[in-house]
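Student: Following this line is final23.txt, made up of compact mmCIF, C-alpha atoms and all ligand atoms:
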```
# COMPACT_ATOMS: atom_id res chain seq x y z
CA MET M 12 0.00 0.00 0.00
CA LYS M 13 1.24 3.50 -0.81
CA ILE M 14 1.07 5.68 2.29
CA LEU M 15 1.57 9.45 2.42
CA LEU M 16 3.01 10.18 5.87
CA VAL M 17 2.67 13.82 6.91
CA GLU M 18 4.70 14.64 10.00
CA ASP M 19 6.74 17.75 10.83
CA SER M 20 9.10 16.20 13.33
CA ARG M 21 11.88 14.65 11.31
CA ALA M 22 12.79 12.22 14.10
CA VAL M 23 9.23 10.93 14.52
CA ALA M 24 8.74 10.70 10.74
CA VAL M 25 11.86 8.61 10.24
CA VAL M 26 10.92 6.14 12.95
CA MET M 27 7.33 5.80 11.67
CA ALA M 28 8.41 5.47 8.07
CA ALA M 29 10.80 2.71 9.02
CA ARG M 30 8.03 0.87 10.86
CA LEU M 31 5.62 1.22 7.96
CA ALA M 32 8.29 0.07 5.53
CA SER M 33 8.95 -2.95 7.70
CA PHE M 34 5.26 -3.93 7.29
CA GLY M 35 5.80 -3.81 3.54
CA HIS M 36 4.30 -0.37 2.72
CA ASP M 37 5.64 2.26 0.29
CA VAL M 38 6.06 5.52 2.21
CA VAL M 39 6.03 9.04 0.79
CA LEU M 40 7.09 11.70 3.34
CA ALA M 41 5.85 15.28 3.70
CA GLU M 42 6.92 17.64 6.48
CA ASN M 43 3.97 20.02 6.44
CA GLY M 44 0.41 20.38 5.11
CA GLN M 45 1.38 22.34 2.02
CA ILE M 46 3.97 19.79 0.90
CA ALA M 47 1.45 17.06 1.70
CA VAL M 48 -1.05 18.54 -0.78
CA GLU M 49 1.63 18.64 -3.50
CA LYS M 50 2.79 15.08 -2.82
CA PHE M 51 -0.82 13.93 -2.71
CA ARG M 52 -1.30 15.23 -6.25
CA GLU M 53 1.94 13.68 -7.50
CA SER M 54 1.83 10.27 -5.85
CA ALA M 55 -1.90 9.44 -5.52
CA PRO M 56 -1.49 7.47 -2.26
CA ASP M 57 -3.88 4.77 -1.00
CA LEU M 58 -3.86 6.18 2.51
CA VAL M 59 -2.83 9.42 4.21
CA LEU M 60 -1.49 9.50 7.76
CA MET M 61 -1.77 13.16 8.76
CA ASP M 62 -0.21 14.99 11.69
CA ILE M 63 -2.34 17.84 13.07
CA GLU M 64 -0.07 20.61 14.30
CA MET M 65 2.51 21.57 11.70
CA PRO M 66 4.17 24.78 10.48
CA VAL M 67 3.08 26.46 7.17
CA MET M 68 -0.17 24.51 6.93
CA ASP M 69 -1.77 22.33 9.60
CA GLY M 70 -3.34 18.92 9.07
CA PHE M 71 -6.93 20.17 9.05
CA ALA M 72 -6.26 22.74 6.30
CA ALA M 73 -4.33 20.17 4.25
CA THR M 74 -7.22 17.69 4.59
CA ASN M 75 -9.60 20.34 3.43
CA GLN M 76 -7.56 20.96 0.28
CA ILE M 77 -7.16 17.26 -0.45
CA ARG M 78 -10.93 16.81 -0.22
CA ARG M 79 -11.37 19.67 -2.65
CA ILE M 80 -8.97 18.07 -5.14
CA GLU M 81 -10.92 14.84 -4.82
CA GLU M 82 -14.25 16.55 -5.43
CA ALA M 83 -13.23 17.26 -9.01
CA THR M 84 -12.52 13.59 -9.73
CA SER M 85 -15.02 12.03 -7.30
CA ALA M 86 -12.15 9.96 -5.88
CA TRP M 87 -11.73 9.30 -2.16
CA THR M 88 -8.59 8.52 -0.17
CA PRO M 89 -8.84 7.57 3.49
CA ILE M 90 -7.17 10.12 5.77
CA ILE M 91 -6.20 9.07 9.29
CA PHE M 92 -5.06 11.77 11.70
CA LEU M 93 -2.09 11.14 13.90
CA THR M 94 -2.64 12.50 17.40
CA ALA M 95 -0.50 12.67 20.45
CA SER M 96 -3.30 11.51 22.73
CA ASN M 97 -6.42 9.42 22.40
CA THR M 98 -8.86 12.05 23.67
CA HIS M 99 -12.44 12.31 22.47
CA ASP M 100 -11.89 15.95 21.59
CA ASN M 101 -9.17 15.01 19.15
CA LEU M 102 -11.32 12.36 17.58
CA ILE M 103 -14.22 14.76 17.01
CA THR M 104 -12.05 17.53 15.59
CA ALA M 105 -10.33 15.07 13.23
CA ILE M 106 -13.57 13.69 11.84
CA GLU M 107 -15.11 17.13 11.47
CA ALA M 108 -12.10 18.34 9.50
CA GLY M 109 -12.82 15.71 6.83
CA GLY M 110 -10.66 12.95 8.27
CA ASP M 111 -11.92 9.40 8.46
CA ASP M 112 -10.33 8.22 11.65
CA PHE M 113 -7.54 8.95 14.05
CA LEU M 114 -4.62 7.08 15.49
CA ALA M 115 -2.41 7.74 18.49
CA LYS M 116 1.17 8.23 17.45
CA ASN M 117 2.35 5.24 19.42
CA TRP M 118 -0.08 2.91 17.61
CA PRO M 119 0.52 -0.76 17.61
CA GLU M 120 0.68 -2.37 14.17
CA SER M 121 -2.46 -4.44 14.74
CA ILE M 122 -4.59 -1.31 15.22
CA LEU M 123 -3.26 0.28 12.05
CA GLN M 124 -3.97 -2.94 10.12
CA ALA M 125 -7.52 -3.09 11.46
CA LYS M 126 -8.19 0.54 10.59
CA MET M 127 -6.77 0.09 7.11
CA LYS M 128 -9.00 -2.92 6.58
CA ALA M 129 -12.03 -0.86 7.54
CA MET M 130 -10.96 1.92 5.17
CA THR M 131 -10.45 -0.53 2.31
CA ARG M 132 -13.92 -1.93 2.93
CA ILE M 133 -15.46 1.53 2.82
CA ASN M 134 -13.57 2.29 -0.37
CA THR M 135 -14.77 -0.89 -2.08
CA LEU M 136 -18.36 -0.03 -1.18
CA ARG M 137 -17.86 3.49 -2.39
CA GLN M 138 -16.50 2.29 -5.72
CA ARG M 139 -19.40 -0.10 -6.09
CA LEU M 140 -21.83 2.75 -5.43
CA ALA M 141 -20.05 5.01 -7.90
CA LYS M 142 -20.30 2.29 -10.55
CA ASN M 143 -24.01 1.80 -9.88
CA LEU M 144 -24.53 5.52 -10.09
CA GLU M 145 -22.72 5.63 -13.40
CA GLN M 146 -24.94 2.85 -14.77
CA LEU M 147 -28.03 4.64 -13.51
CA THR M 148 -26.92 7.89 -15.09
CA GLU M 149 -26.29 6.08 -18.37
CA THR M 150 -29.72 4.40 -18.22
CA ASN M 151 -31.30 7.73 -17.45
CA ARG M 152 -29.56 9.34 -20.41
CA ASN M 153 -30.73 6.55 -22.72
CA LEU M 154 -34.27 6.94 -21.44
CA ALA M 155 -34.18 10.68 -22.06
CA ASP M 156 -32.82 10.09 -25.58
CA THR M 157 -35.52 7.56 -26.38
CA GLN M 158 -38.18 9.87 -25.03
CA ASN M 159 -36.84 12.69 -27.19
CA GLN M 160 -36.84 10.51 -30.28
CA LEU M 161 -40.36 9.33 -29.53
CA LEU M 162 -41.56 12.87 -29.05
CA GLN M 163 -39.79 13.93 -32.21
CA SER M 164 -41.28 11.18 -34.34
CA GLN M 165 -44.73 11.69 -32.81
CA THR M 166 -44.46 15.38 -33.58
CA MET M 167 -43.35 14.65 -37.13
CA ALA M 168 -46.15 12.14 -37.65
CA SER M 169 -48.86 14.44 -36.37
CA VAL M 170 -47.43 17.40 -38.24
CA GLY M 171 -47.46 15.20 -41.36
CA GLN M 172 -51.17 14.43 -40.90
CA LEU M 173 -51.98 17.99 -40.10
CA ALA M 174 -50.03 19.17 -43.12
CA ALA M 175 -51.81 16.75 -45.43
CA GLY M 176 -55.19 17.91 -44.11
CA VAL M 177 -54.40 21.59 -44.30
CA ALA M 178 -52.85 21.29 -47.76
CA HIS M 179 -55.90 19.42 -49.04
CA GLU M 180 -58.36 21.92 -47.59
CA ILE M 181 -56.49 24.98 -48.74
CA ASN M 182 -55.60 23.74 -52.19
CA ASN M 183 -59.13 24.06 -53.61
CA PRO M 184 -59.99 27.58 -52.47
CA VAL M 185 -56.50 28.75 -53.41
CA GLY M 186 -57.12 27.32 -56.88
CA PHE M 187 -60.43 29.09 -57.50
CA VAL M 188 -59.42 32.35 -55.85
CA ASN M 189 -56.39 32.35 -58.13
CA SER M 190 -58.44 31.70 -61.25
CA ASN M 191 -61.08 34.28 -60.17
CA LEU M 192 -58.36 36.84 -59.62
CA GLY M 193 -57.12 36.13 -63.15
CA SER M 194 -60.60 36.76 -64.61
CA LEU M 195 -61.13 39.75 -62.36
CA GLN M 196 -58.00 41.37 -63.67
CA GLY M 197 -59.23 41.07 -67.27
CA GLN M 198 -62.69 42.36 -66.30
CA ILE M 199 -61.27 45.35 -64.44
CA GLU M 200 -59.17 46.24 -67.46
CA GLY M 201 -62.39 46.10 -69.53
CA LEU M 202 -64.24 48.32 -67.06
CA LEU M 203 -61.44 50.88 -67.08
CA LYS M 204 -61.61 50.96 -70.90
CA VAL M 205 -65.38 51.59 -70.77
CA ILE M 206 -64.85 54.42 -68.27
CA ALA M 207 -62.19 55.92 -70.55
CA ALA M 208 -64.65 55.76 -73.44
CA TYR M 209 -67.31 57.58 -71.38
CA GLU M 210 -64.71 60.20 -70.47
CA ALA M 211 -64.22 60.87 -74.15
CA ALA M 212 -67.87 61.99 -74.15
CA ASP M 213 -67.19 64.71 -71.54
CA PRO M 214 -67.49 67.69 -74.00
CA ALA M 215 -70.93 66.44 -75.14
CA ILE M 216 -72.10 66.04 -71.54
CA ALA M 217 -71.09 69.67 -70.79
CA ALA M 218 -74.29 70.66 -72.60
CA HIS M 219 -76.27 69.02 -69.74
CA PRO M 220 -75.14 70.81 -66.55
CA ALA M 221 -77.24 68.67 -64.17
CA LEU M 222 -75.89 65.44 -65.67
CA GLN M 223 -72.33 66.77 -65.62
CA ALA M 224 -72.59 67.79 -61.95
CA ALA M 225 -73.83 64.30 -60.99
CA ILE M 226 -71.01 62.62 -62.92
CA THR M 227 -68.33 64.89 -61.42
CA ALA M 228 -69.65 64.24 -57.90
CA ALA M 229 -69.65 60.47 -58.43
CA ARG M 230 -66.11 60.56 -59.85
CA LYS M 231 -64.90 62.61 -56.91
CA SER M 232 -66.47 60.42 -54.28
CA ALA M 233 -64.94 57.30 -55.89
CA ASP M 234 -61.58 59.08 -56.28
CA LEU M 235 -61.38 57.74 -59.80
CA ASP M 236 -57.82 58.84 -60.64
CA PHE M 237 -56.37 57.19 -57.54
CA LEU M 238 -58.56 54.12 -57.96
CA ARG M 239 -57.34 53.60 -61.51
CA GLU M 240 -53.72 53.23 -60.36
CA ASP M 241 -54.37 51.54 -57.04
CA ILE M 242 -56.58 48.84 -58.45
CA ILE M 243 -53.65 47.54 -60.52
CA THR M 244 -51.31 47.48 -57.49
CA LEU M 245 -53.94 45.74 -55.36
CA MET M 246 -54.42 43.06 -57.98
CA SER M 247 -50.73 42.32 -58.37
CA GLU M 248 -50.14 42.26 -54.61
CA SER M 249 -53.04 39.89 -54.11
CA ARG M 250 -51.76 37.54 -56.79
CA GLU M 251 -48.27 37.62 -55.25
CA GLY M 252 -49.68 36.79 -51.82
CA LEU M 253 -51.67 33.98 -53.27
CA ALA M 254 -48.59 32.59 -55.02
CA ARG M 255 -46.92 32.54 -51.63
CA VAL M 256 -49.82 30.60 -50.12
CA ALA M 257 -49.63 28.18 -53.03
CA LYS M 258 -45.92 27.62 -52.36
CA ILE M 259 -46.61 26.83 -48.71
CA VAL M 260 -49.36 24.43 -49.72
CA SER M 261 -47.09 22.70 -52.19
CA ASN M 262 -44.40 22.38 -49.52
CA LEU M 263 -46.95 20.93 -47.13
CA LYS M 264 -48.01 18.46 -49.80
CA ASP M 265 -44.43 17.41 -50.44
CA PHE M 266 -44.03 17.05 -46.75
CA SER M 267 -47.05 14.86 -46.21
CA HIS M 268 -46.53 12.68 -49.25
CA VAL M 269 -43.18 11.65 -47.94
CA ASP M 270 -43.89 7.95 -47.89
CA ASN M 271 -45.45 7.04 -51.20
CA ALA M 272 -42.91 6.76 -53.94
CA ASP M 273 -40.84 4.12 -55.67
CA TRP M 274 -37.70 2.62 -54.31
CA GLN M 275 -35.00 2.19 -56.90
CA PHE M 276 -31.21 1.91 -57.15
CA VAL M 277 -29.83 5.31 -58.09
CA LYS M 278 -26.59 7.19 -58.41
CA LEU M 279 -26.73 9.79 -55.66
CA GLU M 280 -23.94 11.85 -57.19
CA ALA M 281 -25.83 12.15 -60.48
CA GLY M 282 -28.96 13.10 -58.52
CA LEU M 283 -27.00 15.79 -56.73
CA ASP M 284 -25.70 17.11 -60.08
CA SER M 285 -29.15 17.28 -61.65
CA THR M 286 -30.66 18.92 -58.55
CA LEU M 287 -27.86 21.47 -58.71
CA GLU M 288 -28.92 22.20 -62.30
CA VAL M 289 -32.51 22.79 -61.20
CA VAL M 290 -31.70 25.13 -58.32
CA GLY M 291 -28.59 26.37 -60.12
CA ASN M 292 -29.37 30.05 -60.50
CA GLU M 293 -29.81 30.70 -56.85
CA ILE M 294 -26.53 28.92 -56.13
CA LYS M 295 -24.41 30.37 -58.91
CA ALA M 296 -25.11 33.91 -57.81
CA LYS M 297 -23.81 33.15 -54.34
CA ALA M 298 -21.09 30.55 -54.49
CA GLU M 299 -18.47 28.61 -56.30
CA VAL M 300 -19.39 24.92 -56.20
CA LYS M 301 -16.66 22.37 -55.55
CA LYS M 302 -17.18 18.64 -55.89
CA GLU M 303 -15.32 15.97 -53.99
CA TYR M 304 -17.09 12.79 -55.07
CA ALA M 305 -15.96 9.40 -53.84
CA GLY M 306 -17.70 7.50 -56.67
CA LEU M 307 -20.62 5.98 -54.76
CA PRO M 308 -22.22 2.68 -55.73
CA ASP M 309 -25.96 2.77 -56.55
CA VAL M 310 -28.02 3.36 -53.43
CA GLU M 311 -31.55 2.05 -52.93
CA CYS M 312 -33.81 5.00 -52.23
CA MET M 313 -36.76 7.08 -53.42
CA ALA M 314 -34.84 9.27 -55.83
CA ALA M 315 -37.36 12.10 -56.18
CA GLN M 316 -37.46 12.55 -52.43
CA ILE M 317 -33.72 12.39 -52.00
CA ASN M 318 -33.33 15.02 -54.71
CA GLN M 319 -35.71 17.19 -52.72
CA VAL M 320 -33.44 16.85 -49.70
CA PHE M 321 -30.50 17.91 -51.86
CA ALA M 322 -32.47 20.88 -53.15
CA LYS M 323 -33.45 22.05 -49.66
CA LEU M 324 -29.89 21.68 -48.37
CA LEU M 325 -28.38 23.42 -51.42
CA VAL M 326 -30.76 26.37 -51.19
CA ASN M 327 -30.14 26.69 -47.44
CA ALA M 328 -26.39 26.62 -48.05
CA ALA M 329 -26.68 29.40 -50.66
CA GLN M 330 -29.00 31.43 -48.42
CA SER M 331 -26.53 31.23 -45.54
CA ILE M 332 -23.81 32.92 -47.58
CA GLU M 333 -23.57 36.68 -47.35
CA GLY M 334 -21.69 38.03 -50.34
CA ARG M 335 -19.87 35.24 -52.13
CA GLY M 336 -18.66 31.92 -50.80
CA THR M 337 -17.99 28.29 -51.54
CA ILE M 338 -20.27 25.27 -51.42
CA THR M 339 -18.51 21.93 -51.32
CA LEU M 340 -20.34 18.74 -52.28
CA ARG M 341 -18.68 15.70 -50.82
CA THR M 342 -19.62 12.01 -50.80
CA GLY M 343 -18.34 8.92 -49.06
CA ARG M 344 -19.35 5.50 -47.84
CA ASP M 345 -18.54 2.49 -45.68
CA GLU M 346 -19.79 -1.11 -46.06
CA LYS M 347 -23.32 -0.29 -45.03
CA GLU M 348 -23.96 3.38 -45.61
CA ALA M 349 -23.37 6.16 -48.08
CA TRP M 350 -23.28 9.84 -47.20
CA VAL M 351 -23.59 13.11 -49.02
CA GLU M 352 -22.26 16.26 -47.46
CA ILE M 353 -23.10 19.84 -48.36
CA GLU M 354 -20.69 22.27 -46.79
CA ASP M 355 -21.00 26.03 -46.99
CA THR M 356 -18.85 28.97 -45.96
CA GLY M 357 -21.95 30.81 -44.77
CA LYS M 358 -22.79 32.53 -41.52
CA GLY M 359 -23.26 29.35 -39.48
CA ILE M 360 -25.93 28.41 -36.96
CA PRO M 361 -25.89 29.82 -33.42
CA PRO M 362 -25.97 27.06 -30.77
CA GLU M 363 -29.36 28.22 -29.45
CA ASN M 364 -30.94 27.65 -32.89
CA MET M 365 -29.31 24.27 -33.43
CA LYS M 366 -32.07 22.35 -31.62
CA ARG M 367 -34.82 24.08 -33.58
CA ILE M 368 -33.66 24.04 -37.19
CA PHE M 369 -35.51 20.78 -37.94
CA ASP M 370 -38.74 22.05 -36.37
CA PRO M 371 -41.52 22.73 -38.85
CA PHE M 372 -41.95 26.47 -39.48
CA PHE M 373 -38.68 27.43 -37.78
CA SER M 374 -36.99 29.98 -39.99
CA THR M 375 -34.58 32.84 -39.54
CA LEU M 376 -35.16 34.11 -43.08
CA PRO M 377 -36.93 37.48 -43.44
CA ILE M 378 -40.70 37.19 -43.08
CA GLY M 379 -42.33 36.00 -46.27
CA GLN M 380 -39.16 34.41 -47.64
CA GLY M 381 -38.93 31.11 -45.84
CA THR M 382 -41.67 28.70 -44.81
CA GLY M 383 -39.29 26.98 -42.40
CA MET M 384 -40.39 23.62 -43.83
CA GLY M 385 -37.19 22.83 -45.74
CA LEU M 386 -35.27 20.99 -43.05
CA SER M 387 -38.27 19.34 -41.42
CA LEU M 388 -39.16 17.90 -44.82
CA ALA M 389 -35.55 16.80 -45.35
CA TYR M 390 -35.54 15.25 -41.88
CA SER M 391 -38.68 13.22 -42.42
CA ILE M 392 -37.45 12.03 -45.83
CA ALA M 393 -34.17 10.90 -44.23
CA ARG M 394 -36.12 9.05 -41.54
CA GLY M 395 -38.36 7.46 -44.14
CA HIS M 396 -35.16 6.01 -45.60
CA HIS M 397 -33.86 4.84 -42.20
CA GLY M 398 -31.15 7.42 -42.61
CA ARG M 399 -30.24 10.60 -40.79
CA ILE M 400 -29.03 14.14 -41.18
CA ASP M 401 -26.11 15.36 -39.06
CA VAL M 402 -25.09 18.98 -38.75
CA LYS M 403 -21.82 20.63 -37.84
CA SER M 404 -21.78 24.38 -37.66
CA GLY M 405 -19.96 27.27 -36.07
CA VAL M 406 -21.05 30.88 -36.16
CA GLY M 407 -18.94 32.62 -38.79
CA GLN M 408 -17.40 29.31 -39.86
CA GLY M 409 -20.09 27.86 -42.09
CA SER M 410 -22.14 24.69 -41.78
CA THR M 411 -21.95 21.12 -42.97
CA PHE M 412 -25.11 19.07 -43.43
CA ARG M 413 -24.54 15.34 -43.96
CA LEU M 414 -27.25 13.01 -45.25
CA THR M 415 -26.44 9.39 -44.45
CA LEU M 416 -28.43 6.58 -46.07
CA PRO M 417 -28.22 2.80 -45.85
CA LEU M 418 -26.92 1.40 -49.18
CA ARG M 419 -29.92 -0.93 -49.28
CA ARG M 420 -33.44 -0.47 -48.06
CA PRO M 421 -33.56 -2.23 -44.70
CA ALA M 422 -36.12 -5.02 -44.33
CA VAL M 423 -38.72 -3.68 -41.92
N1 LIG Q 501 -26.66 25.90 -44.27
C1 LIG Q 501 -27.19 26.67 -43.30
N2 LIG Q 501 -26.47 27.65 -42.71
C2 LIG Q 501 -26.99 28.42 -41.73
N3 LIG Q 501 -28.26 28.28 -41.26
C3 LIG Q 501 -29.01 27.33 -41.78
C4 LIG Q 501 -28.55 26.47 -42.82
N4 LIG Q 501 -29.54 25.60 -43.13
C5 LIG Q 501 -30.58 25.91 -42.32
N5 LIG Q 501 -30.29 26.94 -41.52
C6 LIG Q 501 -31.15 27.55 -40.49
O1 LIG Q 501 -32.27 26.70 -40.28
C7 LIG Q 501 -33.48 27.41 -40.52
C8 LIG Q 501 -34.52 26.45 -41.04
O2 LIG Q 501 -34.19 25.98 -42.32
P1 LIG Q 501 -35.33 25.44 -43.26
O3 LIG Q 501 -34.71 25.03 -44.56
O4 LIG Q 501 -36.12 24.44 -42.52
O5 LIG Q 501 -36.26 26.71 -43.48
P2 LIG Q 501 -35.92 28.05 -44.25
O6 LIG Q 501 -34.73 27.86 -45.14
O7 LIG Q 501 -35.87 29.13 -43.26
O8 LIG Q 501 -37.23 28.21 -45.13
P3 LIG Q 501 -37.60 27.38 -46.46
O9 LIG Q 501 -36.62 26.27 -46.61
O10 LIG Q 501 -38.97 26.89 -46.22
O11 LIG Q 501 -37.51 28.39 -47.54
C9 LIG Q 501 -33.08 28.51 -41.47
O12 LIG Q 501 -33.97 29.59 -41.42
C10 LIG Q 501 -31.70 28.88 -40.95
O13 LIG Q 501 -31.79 29.68 -39.81
MG MG Q 502 -34.63 26.21 -46.42
```
Before anything else, please render the file you have as structure tokens.
Ligand SMILES: Nc1ncnc2c1ncn2[C@@H]1O[C@H](COP(=O)(O)OP(=O)(O)OP(=O)(O)O)[C@@H](O)[C@H]1O
Ligand SMILES: [Mg+2]
Tutor:
Amino acid sequence: MKILLVEDSRAVAVVMAARLASFGHDVVLAENGQIAVEKFRESAPDLVLMDIEMPVMDGFAATNQIRRIEEATSAWTPIIFLTASNTHDNLITAIEAGGDDFLAKNWPESILQAKMKAMTRINTLRQRLAKNLEQLTETNRNLADTQNQLLQSQTMASVGQLAAGVAHEINNPVGFVNSNLGSLQGQIEGLLKVIAAYEAADPAIAAHPALQAAITAARKSADLDFLREDIITLMSESREGLARVAKIVSNLKDFSHVDNADWQFVKLEAGLDSTLEVVGNEIKAKAEVKKEYAGLPDVECMAAQINQVFAKLLVNAAQSIEGRGTITLRTGRDEKEAWVEIEDTGKGIPPENMKRIFDPFFSTLPIGQGTGMGLSLAYSIARGHHGRIDVKSGVGQGSTFRLTLPLRRPAV
């Protein structure tokens, strides 16, 4: 056993050390509390025999510091105080200072052995407890993870149903309002032409003062000149708003139709290239695109959906870049999985947003620009493929989104 012996009297220390050595122990000597703390750190003893009254730092203060060192590592080393006399007062003070026991300086070997045995027993129990606690903590963590995943998938499932319902209900009215607005625009143009034609008759009407007064009053109260311009603006704004609603509905439909499509073996890299062509303009304006393809084998997936994931990730990458940047497309694989990475040099994702980016409707884009459905759609497509999306990001350092898919559709 390695014993740290703390004793200020050189003579006493030498005698004790010799005795301990004769029982087969390794002895490390310290002549005051401060040195004891240093040696404790260096030598990690199994037991500390601690004198109480010492220069520089006494035994109680040294014990206090040792206990503080141990707190950080949740370790525990028995500390036995060495006292000149066996009084109760000494015993109480020793224990209260964080010691575990005390021993008169003229101890017989048998007593020391017995006390060490007791300490070892306590330590074994303590270690067993610590291990149990660790297992419990681990179990608890797993439970929390599972609960999170359950919640997440429940949320996604119910959002999917909700989305399908909402999209279905909204699609029809959006359709006829849009077509009505189209007709209305033509009809308004017609009406304005008729009004212009009547206006051409103004000189003739001047011969009928009563009629002219009525017409002028009506024109004034309708504010005809303003109305003529404003009606055009109103129409175009309404159609723009409606187009936005239609885009949300189409996103919701994509989102809810996640699980009916055909599985086939496809080249992911080719899919990525063709998706890049489709969303190309948005990307080209913002970034130089680099490709680091590993040459993936064909992967079994629902290609149209996977291309949608690529599109959402590519557009997000471009949107994250202020000014100009680089988007790197990277692929790789192991025996079971293939992955596609889209890395940008954009503004990155702040840690507090990290948890929310996959939530439906979470968006940091300016109002009206993002539906916040991109990543939640991508996430549910990845899950539908028994795959996943991992994100690495640092504010000001860019982000990397990695889609990982099993090479083959797992038997469910
Ligand atoms: N590559 C990226 N870099 C930085 N932030 C990102 C990146 N990708 C996603 N985000 C963050 O996650 C949010 C959610 O993304 P998501 O694609 O779901 O919605 P959106 O892009 O805001 O809107 P939509 O895709 O519907 O147009 C974004 O608003 C943005 O804050
Ligand atoms: Mg997006």
Student: Identify which of the residues M:Leu324, M:Arg413, M:Val423, M:Trp350 lies closest to ligand MG 502 (chain Q), counting only C-alpha atoms and all ligand atoms when measuring atom-to-atom distances.
Tutor: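 Answer, going by the shortest atom-to-atom distance: M:Leu324.
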Student: Could you please extract the residues within 12 Å of ligand MG 502 (chain Q), counting all atoms listed in the file, and hand them back as a ChimeraX atom specification?
Tutor: /M:262,319-331,368-377,380-390
Student: For Val23 in chain M, find every residue with an atom within 12 Å (counting all atoms listed in the file), except residues of its own chain fewer than 2 positions away, and show them as a list of chain:residue names.
Tutor: M:Leu16, M:Val17, M:Glu18, M:Asp19, M:Ser20, M:Arg21, M:Val25, M:Val26, M:Met27, M:Ala28, M:Ala29, M:Arg30, M:Leu40, M:Glu42, M:Asp62, M:Leu93, M:Ala95, M:Lys116, M:Asn117
Student: Take the residues that were just selected and, keeping C-alpha atoms, output them as a PDB file, keeping the file's coordinate frame.
Tutor:
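Just written: result-v3.pdb:
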```pdb
ATOM      1  CA  LEU M  16       3.010  10.180   5.870  1.00  0.00           C
ATOM      2  CA  VAL M  17       2.670  13.820   6.910  1.00  0.00           C
ATOM      3  CA  GLU M  18       4.700  14.640  10.000  1.00  0.00           C
ATOM      4  CA  ASP M  19       6.740  17.750  10.830  1.00  0.00           C
ATOM      5  CA  SER M  20       9.100  16.200  13.330  1.00  0.00           C
ATOM      6  CA  ARG M  21      11.880  14.650  11.310  1.00  0.00           C
ATOM      7  CA  VAL M  25      11.860   8.610  10.240  1.00  0.00           C
ATOM      8  CA  VAL M  26      10.920   6.140  12.950  1.00  0.00           C
ATOM      9  CA  MET M  27       7.330   5.800  11.670  1.00  0.00           C
ATOM     10  CA  ALA M  28       8.410   5.470   8.070  1.00  0.00           C
ATOM     11  CA  ALA M  29      10.800   2.710   9.020  1.00  0.00           C
ATOM     12  CA  ARG M  30       8.030   0.870  10.860  1.00  0.00           C
ATOM     13  CA  LEU M  40       7.090  11.700   3.340  1.00  0.00           C
ATOM     14  CA  GLU M  42       6.920  17.640   6.480  1.00  0.00           C
ATOM     15  CA  ASP M  62      -0.210  14.990  11.690  1.00  0.00           C
ATOM     16  CA  LEU M  93      -2.090  11.140  13.900  1.00  0.00           C
ATOM     17  CA  ALA M  95      -0.500  12.670  20.450  1.00  0.00           C
ATOM     18  CA  LYS M 116       1.170   8.230  17.450  1.00  0.00           C
ATOM     19  CA  ASN M 117       2.350   5.240  19.420  1.00  0.00           C
TER      20      ASN M 117
END
```
Student: I need the residue nearest ligand LIG 501 (chain Q) from this list: M:Pro220, M:Gly359, M:Pro89, M:Gly405. Use only C-alpha atoms and all ligand atoms for the distance.
Tutor: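 That would be M:Gly359, the residue with the smallest distance to ligand LIG 501 (chain Q).
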Student: Using all atoms listed in the file for the distances, tell me which of M:Leu147, M:Arg399, M:Val260, M:Ala305 is nearest to ligand LIG 501 (chain Q).
Tutor: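 Checking each of M:Leu147, M:Arg399, M:Val260, M:Ala305 against ligand LIG 501 (chain Q), counting all atoms listed in the file, the winner is M:Val260.
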